[in-house]
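A.B. asks: Have a peek at target-v6.csv (CSV, C-alpha atoms).
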```csv
chain,number,residue,atom,x,y,z
A,85,MET,CA,24.3,-131.5,157.0
A,86,LYS,CA,24.9,-135.3,157.3
A,87,ILE,CA,26.4,-137.6,159.8
A,88,LYS,CA,29.1,-140.0,158.5
A,89,TYR,CA,29.6,-142.0,161.7
A,90,LEU,CA,28.6,-142.1,165.3
A,91,ARG,CA,30.6,-143.5,168.2
A,92,LEU,CA,29.1,-144.4,171.6
A,93,ASN,CA,31.0,-145.7,174.7
A,94,ASP,CA,29.3,-146.6,177.9
A,95,PHE,CA,26.3,-144.4,176.9
A,96,ARG,CA,23.0,-145.7,178.3
A,97,ASN,CA,22.8,-149.4,177.4
A,98,TYR,CA,25.6,-149.1,174.7
A,99,LYS,CA,29.0,-150.5,175.9
A,100,SER,CA,30.8,-149.8,172.6
A,101,CYS,CA,29.3,-148.9,169.3
A,102,ARG,CA,30.6,-147.4,166.0
A,103,LEU,CA,27.8,-146.8,163.5
A,104,ALA,CA,28.8,-145.9,159.9
A,105,VAL,CA,26.1,-143.9,158.2
A,106,GLU,CA,26.0,-144.2,154.4
A,107,THR,CA,22.5,-142.9,153.5
A,108,ARG,CA,20.2,-140.0,154.1
A,109,LEU,CA,17.3,-142.2,155.4
A,110,ASN,CA,18.1,-144.5,158.3
A,111,VAL,CA,15.5,-146.8,160.0
A,112,PHE,CA,16.3,-148.5,163.3
A,113,LEU,CA,14.1,-151.5,164.2
A,114,GLY,CA,13.7,-153.3,167.5
A,115,GLN,CA,11.6,-154.0,170.5
A,116,ASN,CA,11.2,-151.5,173.3
A,117,ALA,CA,14.0,-150.9,175.7
A,118,GLN,CA,16.7,-152.1,173.3
A,119,GLY,CA,18.4,-148.7,172.7
A,120,LYS,CA,16.7,-147.1,169.7
A,121,THR,CA,15.7,-143.9,171.6
A,122,ASN,CA,19.1,-143.8,173.3
A,123,LEU,CA,20.7,-143.6,169.8
A,124,LEU,CA,18.6,-140.5,168.9
A,125,GLU,CA,19.2,-139.0,172.3
A,126,ALA,CA,23.0,-139.2,171.7
A,127,LEU,CA,22.6,-137.4,168.4
A,128,TYR,CA,20.4,-134.7,169.9
A,129,PHE,CA,22.9,-134.2,172.8
A,130,LEU,CA,25.7,-133.7,170.3
A,131,ALA,CA,23.7,-130.9,168.7
A,132,THR,CA,22.4,-129.1,171.8
A,133,ALA,CA,24.5,-130.4,174.8
A,134,ARG,CA,21.1,-131.3,176.4
A,135,SER,CA,19.1,-134.4,176.7
A,136,PRO,CA,15.4,-134.4,175.7
A,137,ARG,CA,14.8,-137.0,178.4
A,138,THR,CA,16.7,-136.0,181.5
A,139,ASN,CA,18.0,-132.8,183.2
A,140,SER,CA,21.0,-134.7,184.6
A,141,ALA,CA,23.6,-135.6,182.0
A,142,GLY,CA,25.0,-138.2,184.4
A,143,ASP,CA,21.9,-140.3,183.9
A,144,MET,CA,23.2,-141.1,180.4
A,145,VAL,CA,26.3,-142.9,181.7
A,146,LYS,CA,26.1,-146.7,181.6
A,147,TRP,CA,25.4,-148.3,185.0
A,148,GLU,CA,28.5,-148.7,187.1
A,149,ARG,CA,30.7,-146.7,184.7
A,150,ALA,CA,32.5,-143.5,185.6
A,151,GLU,CA,31.9,-141.7,182.3
A,152,ALA,CA,30.4,-142.0,178.8
A,153,GLY,CA,31.8,-140.9,175.4
A,154,ILE,CA,29.8,-139.9,172.3
A,155,SER,CA,31.2,-138.5,169.1
A,156,ALA,CA,30.2,-138.0,165.5
A,157,GLN,CA,31.8,-137.0,162.2
A,158,LEU,CA,29.6,-134.7,160.1
A,159,GLU,CA,29.7,-133.0,156.8
A,160,GLY,CA,28.1,-129.7,156.1
A,161,LEU,CA,28.6,-126.3,154.6
A,162,ALA,CA,31.4,-125.6,157.1
A,163,GLY,CA,33.2,-128.7,155.9
A,164,THR,CA,34.0,-131.9,157.8
A,165,ASN,CA,34.0,-131.8,161.6
A,166,GLU,CA,34.0,-134.2,164.5
A,167,VAL,CA,32.1,-133.3,167.6
A,168,GLY,CA,32.2,-135.2,170.9
A,169,PHE,CA,31.5,-135.2,174.6
A,170,VAL,CA,32.8,-137.0,177.5
A,171,ILE,CA,30.1,-137.1,180.2
A,172,GLY,CA,30.9,-137.8,183.8
A,173,LYS,CA,28.7,-139.6,186.3
A,174,ASP,CA,28.5,-136.3,188.2
A,175,GLY,CA,26.9,-134.7,185.1
A,176,ARG,CA,30.0,-132.8,184.0
A,177,LYS,CA,30.4,-132.4,180.2
A,178,LYS,CA,33.8,-132.1,178.4
A,179,PRO,CA,33.2,-130.8,174.8
A,180,TYR,CA,35.6,-131.8,172.0
A,181,LEU,CA,35.7,-130.3,168.5
A,182,ASN,CA,38.0,-132.2,166.1
A,183,ARG,CA,39.3,-134.0,169.1
A,184,LYS,CA,40.5,-130.8,170.9
A,185,LEU,CA,39.0,-130.0,174.3
A,186,GLN,CA,37.0,-126.8,174.1
A,187,ARG,CA,36.8,-124.2,176.9
A,188,ARG,CA,33.0,-124.0,177.0
A,189,VAL,CA,30.2,-126.4,176.2
A,190,SER,CA,28.4,-123.7,174.3
A,191,GLN,CA,31.2,-123.8,171.6
A,192,LEU,CA,29.7,-127.1,170.4
A,193,VAL,CA,26.1,-126.2,170.4
A,194,GLY,CA,24.9,-125.9,166.8
A,195,VAL,CA,28.0,-127.3,165.1
A,196,LEU,CA,25.7,-130.3,164.5
A,197,LYS,CA,22.0,-129.3,164.2
A,198,ALA,CA,19.0,-131.5,164.9
A,199,VAL,CA,15.2,-131.5,165.4
A,200,PHE,CA,13.7,-134.2,167.6
A,201,PHE,CA,10.2,-135.7,167.3
A,202,MET,CA,9.3,-138.0,170.1
A,203,PRO,CA,6.0,-139.4,171.6
A,204,ASP,CA,6.0,-136.9,174.5
A,205,ASP,CA,5.9,-134.0,172.1
A,206,LEU,CA,2.1,-133.7,172.4
A,207,ALA,CA,3.1,-131.5,175.4
A,208,LEU,CA,4.3,-128.9,172.9
A,209,ILE,CA,0.6,-128.1,172.5
A,210,LYS,CA,-1.1,-129.5,175.6
A,211,GLY,CA,1.7,-128.6,178.1
A,212,GLY,CA,2.6,-125.3,179.8
A,213,PRO,CA,4.3,-122.3,178.2
A,214,SER,CA,7.8,-123.6,179.2
A,215,GLU,CA,7.4,-126.5,176.7
A,216,ARG,CA,6.9,-124.0,173.9
A,217,ARG,CA,9.6,-121.7,175.0
A,218,SER,CA,12.0,-124.6,175.1
A,219,PHE,CA,11.0,-125.6,171.6
A,220,LEU,CA,11.9,-122.1,170.4
A,221,ASP,CA,15.1,-121.8,172.5
A,222,ALA,CA,16.4,-125.2,171.4
A,223,GLY,CA,16.1,-124.2,167.7
A,224,LEU,CA,17.4,-120.7,168.0
A,225,SER,CA,20.4,-121.7,170.2
A,226,GLN,CA,21.6,-124.1,167.6
A,227,LEU,CA,21.3,-121.4,164.8
A,228,THR,CA,23.2,-118.6,166.5
A,229,GLY,CA,25.8,-118.5,169.2
A,230,ALA,CA,24.6,-114.9,170.0
A,231,TYR,CA,21.1,-116.1,170.9
A,232,LEU,CA,22.5,-118.9,173.2
A,233,SER,CA,24.8,-116.4,174.9
A,234,ARG,CA,22.0,-113.8,175.4
A,235,LEU,CA,19.7,-116.4,176.7
A,236,SER,CA,22.2,-117.6,179.2
A,237,ARG,CA,23.0,-114.1,180.4
A,238,TYR,CA,19.3,-113.2,180.6
A,239,GLN,CA,18.6,-116.3,182.7
A,240,ARG,CA,21.4,-115.3,185.1
A,241,VAL,CA,19.9,-111.8,185.4
A,242,VAL,CA,16.4,-113.1,186.2
A,243,LYS,CA,17.9,-115.3,188.9
A,244,GLN,CA,19.8,-112.5,190.5
A,245,ARG,CA,16.8,-110.2,190.3
A,246,ASN,CA,14.5,-112.8,191.9
A,247,GLU,CA,17.0,-113.3,194.7
A,248,LEU,CA,16.8,-109.5,195.4
A,249,LEU,CA,13.0,-109.6,195.2
A,250,LYS,CA,12.9,-112.3,197.9
A,251,LYS,CA,15.2,-110.2,200.1
A,252,SER,CA,13.1,-107.1,199.6
A,253,THR,CA,10.1,-108.5,201.5
A,254,SER,CA,12.1,-108.2,204.7
A,255,GLY,CA,13.3,-104.7,203.8
A,256,GLN,CA,16.9,-105.6,203.1
A,257,VAL,CA,16.9,-104.1,199.6
A,258,ALA,CA,16.2,-100.5,198.4
A,259,PRO,CA,14.2,-100.0,195.2
A,260,ASP,CA,17.3,-98.3,193.6
A,261,GLU,CA,19.2,-101.5,193.7
A,262,PHE,CA,16.9,-103.0,191.1
A,263,ARG,CA,17.7,-100.3,188.5
A,264,ALA,CA,20.9,-102.0,187.1
A,265,TRP,CA,19.3,-105.4,186.9
A,266,ASP,CA,16.2,-103.9,185.2
A,267,GLU,CA,18.4,-102.3,182.5
A,268,GLN,CA,20.1,-105.7,181.8
A,269,LEU,CA,16.9,-107.6,181.9
A,270,ALA,CA,15.3,-105.2,179.4
A,271,GLU,CA,18.4,-105.2,177.1
A,272,PHE,CA,18.8,-109.0,176.9
A,273,GLY,CA,15.0,-109.6,177.1
A,274,SER,CA,14.3,-107.3,174.1
A,275,LEU,CA,16.9,-109.0,172.0
A,276,LEU,CA,15.4,-112.4,172.8
A,277,THR,CA,11.9,-111.2,172.1
A,278,VAL,CA,12.7,-109.9,168.7
A,279,ALA,CA,14.7,-113.0,167.7
A,280,ARG,CA,11.8,-115.3,168.8
A,281,TRP,CA,9.2,-113.1,167.1
A,282,GLN,CA,11.1,-113.2,163.8
A,283,ALA,CA,11.5,-117.0,164.1
A,284,VAL,CA,7.8,-117.4,164.8
A,285,LEU,CA,6.9,-115.5,161.6
A,286,SER,CA,8.7,-118.2,159.6
A,287,LEU,CA,7.5,-121.1,161.7
A,288,ALA,CA,3.9,-119.9,161.4
A,289,ARG,CA,4.1,-119.8,157.6
A,290,HIS,CA,5.6,-123.2,157.2
A,291,ALA,CA,3.3,-124.8,159.9
A,292,ALA,CA,0.2,-123.3,158.3
A,293,ASN,CA,1.2,-124.8,154.9
A,294,ALA,CA,1.8,-128.2,156.5
A,295,VAL,CA,-1.6,-128.3,158.3
A,296,LYS,CA,-3.3,-127.2,155.1
A,297,ARG,CA,-1.9,-130.1,153.3
A,298,ILE,CA,-2.6,-132.6,156.1
A,299,SER,CA,-6.1,-131.7,157.0
A,300,GLY,CA,-7.2,-128.7,155.0
A,301,GLU,CA,-7.6,-126.7,158.2
A,302,CYS,CA,-6.3,-123.2,159.0
A,303,LEU,CA,-3.5,-123.0,161.6
A,304,GLU,CA,-2.2,-119.7,163.1
A,305,VAL,CA,0.8,-119.3,165.4
A,306,ARG,CA,1.6,-116.1,167.2
A,307,TYR,CA,4.2,-115.1,169.7
A,308,ARG,CA,2.6,-114.2,173.0
A,309,SER,CA,4.7,-111.6,174.9
A,310,SER,CA,4.1,-111.1,178.7
A,311,PHE,CA,4.6,-107.4,178.0
A,312,LEU,CA,3.1,-106.7,174.6
A,313,GLY,CA,0.5,-109.4,174.2
A,314,GLU,CA,0.2,-111.5,171.0
A,315,LEU,CA,2.5,-110.4,168.2
A,316,GLY,CA,1.8,-111.2,164.5
A,317,PRO,CA,3.5,-110.2,161.2
A,318,GLU,CA,2.1,-106.6,161.5
A,319,ASP,CA,3.7,-105.9,164.9
A,320,GLY,CA,7.3,-105.2,164.0
A,321,SER,CA,6.9,-101.5,164.8
A,322,ARG,CA,5.8,-102.3,168.3
A,323,LEU,CA,9.2,-103.8,169.0
A,324,GLU,CA,11.3,-100.8,168.1
A,325,GLU,CA,11.2,-99.2,171.5
A,326,LEU,CA,10.9,-102.4,173.4
A,327,LYS,CA,13.9,-102.0,175.7
A,328,SER,CA,12.9,-98.5,177.1
A,329,GLN,CA,9.3,-99.6,177.5
A,330,ALA,CA,10.4,-102.7,179.3
A,331,VAL,CA,12.5,-100.7,181.8
A,332,ARG,CA,9.5,-98.5,182.6
A,333,GLU,CA,7.2,-101.5,183.0
A,334,LEU,CA,9.6,-103.4,185.2
A,335,ALA,CA,9.8,-100.3,187.5
A,336,ARG,CA,6.0,-100.1,187.6
A,337,LEU,CA,5.6,-103.7,188.5
A,338,LEU,CA,8.3,-103.7,191.1
A,339,PRO,CA,6.0,-103.5,194.2
A,340,ALA,CA,3.9,-106.4,192.8
A,341,ASP,CA,7.0,-108.4,192.0
A,342,CYS,CA,8.3,-107.8,195.5
A,343,ARG,CA,5.1,-109.3,197.0
A,344,ARG,CA,5.3,-112.3,194.6
A,345,GLY,CA,9.0,-112.8,195.1
A,346,TYR,CA,9.7,-113.3,191.4
A,347,THR,CA,10.0,-111.3,188.1
A,348,SER,CA,6.6,-111.5,186.3
A,349,LEU,CA,7.6,-109.7,183.0
A,350,GLY,CA,10.0,-110.9,180.3
A,351,PRO,CA,10.8,-113.7,177.8
A,352,HIS,CA,10.9,-116.2,180.6
A,353,ALA,CA,7.1,-115.7,181.0
A,354,ASP,CA,6.3,-115.6,177.2
A,355,ASP,CA,4.4,-118.2,175.2
A,356,LEU,CA,3.4,-119.4,171.8
A,357,ALA,CA,-0.3,-119.0,170.9
A,358,VAL,CA,-1.5,-121.8,168.5
A,359,TYR,CA,-4.9,-121.5,166.9
A,360,LEU,CA,-6.9,-123.8,164.6
A,361,ALA,CA,-9.9,-122.4,162.8
A,362,GLY,CA,-9.8,-119.4,165.2
A,363,LYS,CA,-9.8,-121.5,168.4
A,364,GLU,CA,-6.9,-122.0,170.8
A,365,LEU,CA,-5.7,-125.5,170.1
A,366,ARG,CA,-4.5,-126.2,173.6
A,367,SER,CA,-8.0,-125.9,175.1
A,368,PHE,CA,-10.3,-126.7,172.2
A,369,GLY,CA,-8.5,-129.0,169.8
A,370,SER,CA,-8.9,-132.8,169.5
A,371,GLN,CA,-5.9,-135.0,170.2
A,372,GLY,CA,-5.6,-135.6,166.5
A,373,GLN,CA,-5.6,-131.9,165.7
A,374,GLN,CA,-3.0,-131.3,168.4
A,375,ARG,CA,-0.8,-134.1,166.9
A,376,THR,CA,-1.2,-132.5,163.5
A,377,ALA,CA,0.1,-129.2,164.9
A,378,VAL,CA,3.1,-130.9,166.6
A,379,VAL,CA,4.1,-132.5,163.3
A,380,ALA,CA,3.6,-129.2,161.5
A,381,LEU,CA,5.8,-127.3,164.0
A,382,LYS,CA,8.6,-129.8,163.8
A,383,ILE,CA,8.6,-129.7,160.0
A,384,ALA,CA,8.4,-125.9,160.2
A,385,MET,CA,11.5,-125.8,162.5
A,386,CYS,CA,13.4,-127.9,159.9
A,387,GLU,CA,12.5,-125.4,157.2
A,388,TYR,CA,13.5,-122.5,159.4
A,389,PHE,CA,16.9,-124.1,159.9
A,390,HIS,CA,17.3,-124.3,156.2
A,391,GLU,CA,16.2,-120.7,155.7
A,392,VAL,CA,18.7,-119.3,158.2
A,393,SER,CA,21.7,-121.6,157.8
A,394,GLY,CA,21.4,-122.9,154.2
A,395,GLU,CA,21.2,-126.5,155.3
A,396,TYR,CA,18.7,-128.8,156.9
A,397,PRO,CA,19.2,-130.2,160.4
A,398,LEU,CA,19.2,-133.9,161.2
A,399,LEU,CA,15.6,-135.0,161.7
A,400,LEU,CA,15.3,-137.5,164.6
A,401,LEU,CA,11.9,-139.4,164.6
A,402,ASP,CA,11.2,-141.6,167.5
A,403,ASP,CA,8.4,-144.2,167.2
A,404,VAL,CA,6.3,-142.1,164.8
A,405,ALA,CA,4.6,-145.1,163.2
A,406,SER,CA,2.8,-145.9,166.5
A,407,GLU,CA,2.3,-142.3,167.6
A,408,LEU,CA,0.6,-140.9,164.5
A,409,ASP,CA,-2.3,-142.1,162.5
A,410,GLU,CA,-1.8,-143.2,158.8
A,411,ARG,CA,-2.6,-139.8,157.3
A,412,ARG,CA,-0.3,-137.8,159.5
A,413,ARG,CA,2.4,-140.4,159.3
A,414,ASP,CA,2.3,-140.5,155.5
A,415,TYR,CA,2.5,-136.7,155.3
A,416,LEU,CA,5.5,-136.7,157.6
A,417,LEU,CA,7.2,-139.5,155.7
A,418,ASP,CA,6.5,-137.7,152.4
A,419,CYS,CA,8.4,-134.7,153.8
A,420,LEU,CA,11.4,-136.9,154.1
A,421,ASP,CA,12.0,-136.6,150.4
A,422,GLY,CA,13.5,-133.2,151.3
A,423,GLY,CA,17.2,-132.5,152.2
A,424,ALA,CA,17.3,-133.6,155.8
A,425,GLN,CA,19.1,-136.6,156.9
A,426,VAL,CA,16.7,-138.8,158.9
A,427,PHE,CA,17.1,-141.2,161.8
A,428,LEU,CA,13.8,-143.0,162.4
A,429,THR,CA,12.9,-145.7,165.0
A,430,ALA,CA,10.1,-148.2,165.0
A,431,THR,CA,9.2,-151.5,166.6
A,432,GLU,CA,9.6,-154.6,164.4
A,433,GLU,CA,5.9,-155.2,164.3
A,434,LEU,CA,5.4,-151.8,162.6
A,435,SER,CA,8.3,-152.0,160.2
A,436,GLY,CA,6.1,-152.9,157.3
A,437,ASN,CA,4.3,-149.6,157.6
A,438,ILE,CA,7.4,-147.5,157.0
A,439,ARG,CA,9.1,-148.8,153.9
A,440,LEU,CA,11.2,-145.9,152.6
A,441,LYS,CA,12.9,-146.0,149.2
A,442,GLY,CA,16.6,-145.8,149.4
A,443,ALA,CA,16.7,-146.2,153.2
A,444,SER,CA,19.2,-148.2,155.2
A,445,TYR,CA,17.7,-150.5,157.9
A,446,TYR,CA,19.3,-151.6,161.2
A,447,SER,CA,18.3,-154.0,163.9
A,448,VAL,CA,18.8,-152.7,167.5
A,449,LYS,CA,19.0,-155.3,170.3
A,450,ASP,CA,20.5,-155.0,173.8
A,451,GLY,CA,22.6,-152.0,172.9
A,452,ARG,CA,24.0,-153.5,169.7
A,453,ILE,CA,23.3,-152.3,166.1
A,454,GLU,CA,23.4,-154.5,163.1
A,455,LYS,CA,22.8,-153.4,159.5
A,456,LEU,CA,20.1,-155.4,157.8
A,457,SER,CA,20.1,-156.6,154.2
A,458,PRO,CA,18.1,-154.4,151.7
A,459,GLY,CA,15.6,-157.1,151.1
A,460,LEU,CA,14.5,-157.7,154.8
```
Just give me the structure of the file as structure tokens.
C.D. replies:
Amino acid sequence: MKIKYLRLNDFRNYKSCRLAVETRLNVFLGQNAQGKTNLLEALYFLATARSPRTNSAGDMVKWERAEAGISAQLEGLAGTNEVGFVIGKDGRKKPYLNRKLQRRVSQLVGVLKAVFFMPDDLALIKGGPSERRSFLDAGLSQLTGAYLSRLSRYQRVVKQRNELLKKSTSGQVAPDEFRAWDEQLAEFGSLLTVARWQAVLSLARHAANAVKRISGECLEVRYRSSFLGELGPEDGSRLEELKSQAVRELARLLPADCRRGYTSLGPHADDLAVYLAGKELRSFGSQGQQRTAVVALKIAMCEYFHEVSGEYPLLLLDDVASELDERRRDYLLDCLDGGAQVFLTATEELSGNIRLKGASYYSVKDGRIEKLSPGL
């Protein structure tokens, strides 16, 4: 999958920009706050309909403008397509596919596929479970519309059940009223759990190989279910009766959930367990080891995209030259010899550290992009 051009109008600090992309490796150089990360944010938004930096899409609209437009032409196994969004200051998103307005935003998710590496990604290891769930969900939602649909429906069911739980503390809800919600929660939750577990099997294999090459250490990744505990490659048989078991467990936990006021069981409470040399990396790893694991997981997600879809996603790398030490950076850059189209940002002071054969280089200043000569 490759981008041929990107258009931005009133997006962040870009008034109007049309970027023609001719190569697989693309490096954007400039000082901070010039628009380099904004460019990567736009590409990731086209892939996921979500920003990695804000929960309000309206924040991406240029100051004192009513709306922003972003679009890109891409080539992949499905042929040539143009994806685009018009984003209102109120946060509303109008999705376009081949310049035709689509009924739902979800229809664009995954037409363009992307994996984003940014400085804040250390939270993938050090942060809470929601960071790791989001990592899995962002990848799986791009790969299959079924996963995105089930995730959305599951989240709505959890919200409805939690509202009932809060009412039940005052005696307004009978226990029987939870039965229908529990059935739906178990149905969609079991499908999400199986999909995540299967993804983690692949991610764990690729991430372990990456860490072995970077540092020679042994990395292990397991899916941690709030219902079944940690799941590894040998646990497929434990998932066969997951739905019926989940219904029984939800009923058993109902009194406790009523006291808490929220649903304590399900994929919304699950996590990834990441170990290095047998110790949980979140609590016992050094910052260097944690960064190694983040790099490995991002590379693993790219490989998983390729396994499932037959093509690599865009790889968006924000400021990796300053974020990673030389060994980890060199390994990541070595991986760029693969099939992914890469968009990489760096400050001008660090540009000498990231010479890439065959790359196109661009200068970014005040929301304007200029292609640089090959011999800069």
A.B. asks: List as CSV every residue of range 264-294 of chain A that is in contact with range 365-382 of chain A, defined as an atom at most 7 Å from one of its atoms (using all atoms listed in the file), together with the nearest atom pair and the distance in Å rounded to one decimal, sorted by chain and then rising number.
C.D. replies:
```
residue,atom,partner,partner_atom,distance
A:Leu287,CA,A:Leu381,CA,6.8
A:Ala291,CA,A:Ala380,CA,4.7
A:Ala294,CA,A:Ala380,CA,5.4
```
A.B. asks: Taking (16.6, -140.6, 162.7) in the file's own coordinates, collect the residues within 9 Å, counting all atoms listed in the file, and hand them back as a ChimeraX atom specification.
C.D. replies: /A:109-112,123-124,127,200,398-402,425-429
A.B. asks: For Thr121 in chain A, which residue among A:Arg289, A:Arg96, A:Arg263, A:Arg108 is the nearest when counting all atoms listed in the file?
C.D. replies: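 Using all atoms listed in the file, the shortest distance to Thr121 in chain A belongs to A:Arg96.
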A.B. asks: Contacts of Asp94 in chain A at 8 Å or less, counting all atoms listed in the file, minus same-chain residues fewer than 2 places along, as a short mmCIF file (atom, residue, chain, number, x, y, z; two decimals) with C-alpha atoms, in the frame of the given file?
C.D. replies:
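The resulting file, part.cif, is reproduced below:
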```
data_model
loop_
_atom_site.label_atom_id
_atom_site.label_comp_id
_atom_site.auth_asym_id
_atom_site.auth_seq_id
_atom_site.Cartn_x
_atom_site.Cartn_y
_atom_site.Cartn_z
CA LEU A 92 29.10 -144.40 171.60
CA ARG A 96 23.00 -145.70 178.30
CA ASN A 97 22.80 -149.40 177.40
CA TYR A 98 25.60 -149.10 174.70
CA LYS A 99 29.00 -150.50 175.90
CA SER A 100 30.80 -149.80 172.60
CA VAL A 145 26.30 -142.90 181.70
CA LYS A 146 26.10 -146.70 181.60
CA ARG A 149 30.70 -146.70 184.70
CA GLU A 151 31.90 -141.70 182.30
CA ALA A 152 30.40 -142.00 178.80
CA GLY A 153 31.80 -140.90 175.40
#
```
A.B. asks: Quick one: residues within 10 Å of Ala283 in chain A, only C-alpha atoms counted, chain neighbours fewer than 3 positions away excluded, as number ranges by chain?
C.D. replies: A: 220, 223-224, 277-280, 286-288, 307, 385, 388-389, 392
A.B. asks: Just the number, please: distance in Å from CA of Lys177 in chain A to CA of Ala141 in chain A, one decimal.
C.D. replies: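 Going from CA of Lys177 in chain A over to CA of Ala141 in chain A, I get 7.7 Å.
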A.B. asks: When distances are computed from all atoms listed in the file, which of A:Met85, A:Val105, A:Leu338, A:Leu206 shows the smallest separation from Leu161 in chain A?
C.D. replies: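 Going through A:Met85, A:Val105, A:Leu338, A:Leu206 one by one, the smallest distance to Leu161 in chain A is for A:Met85.
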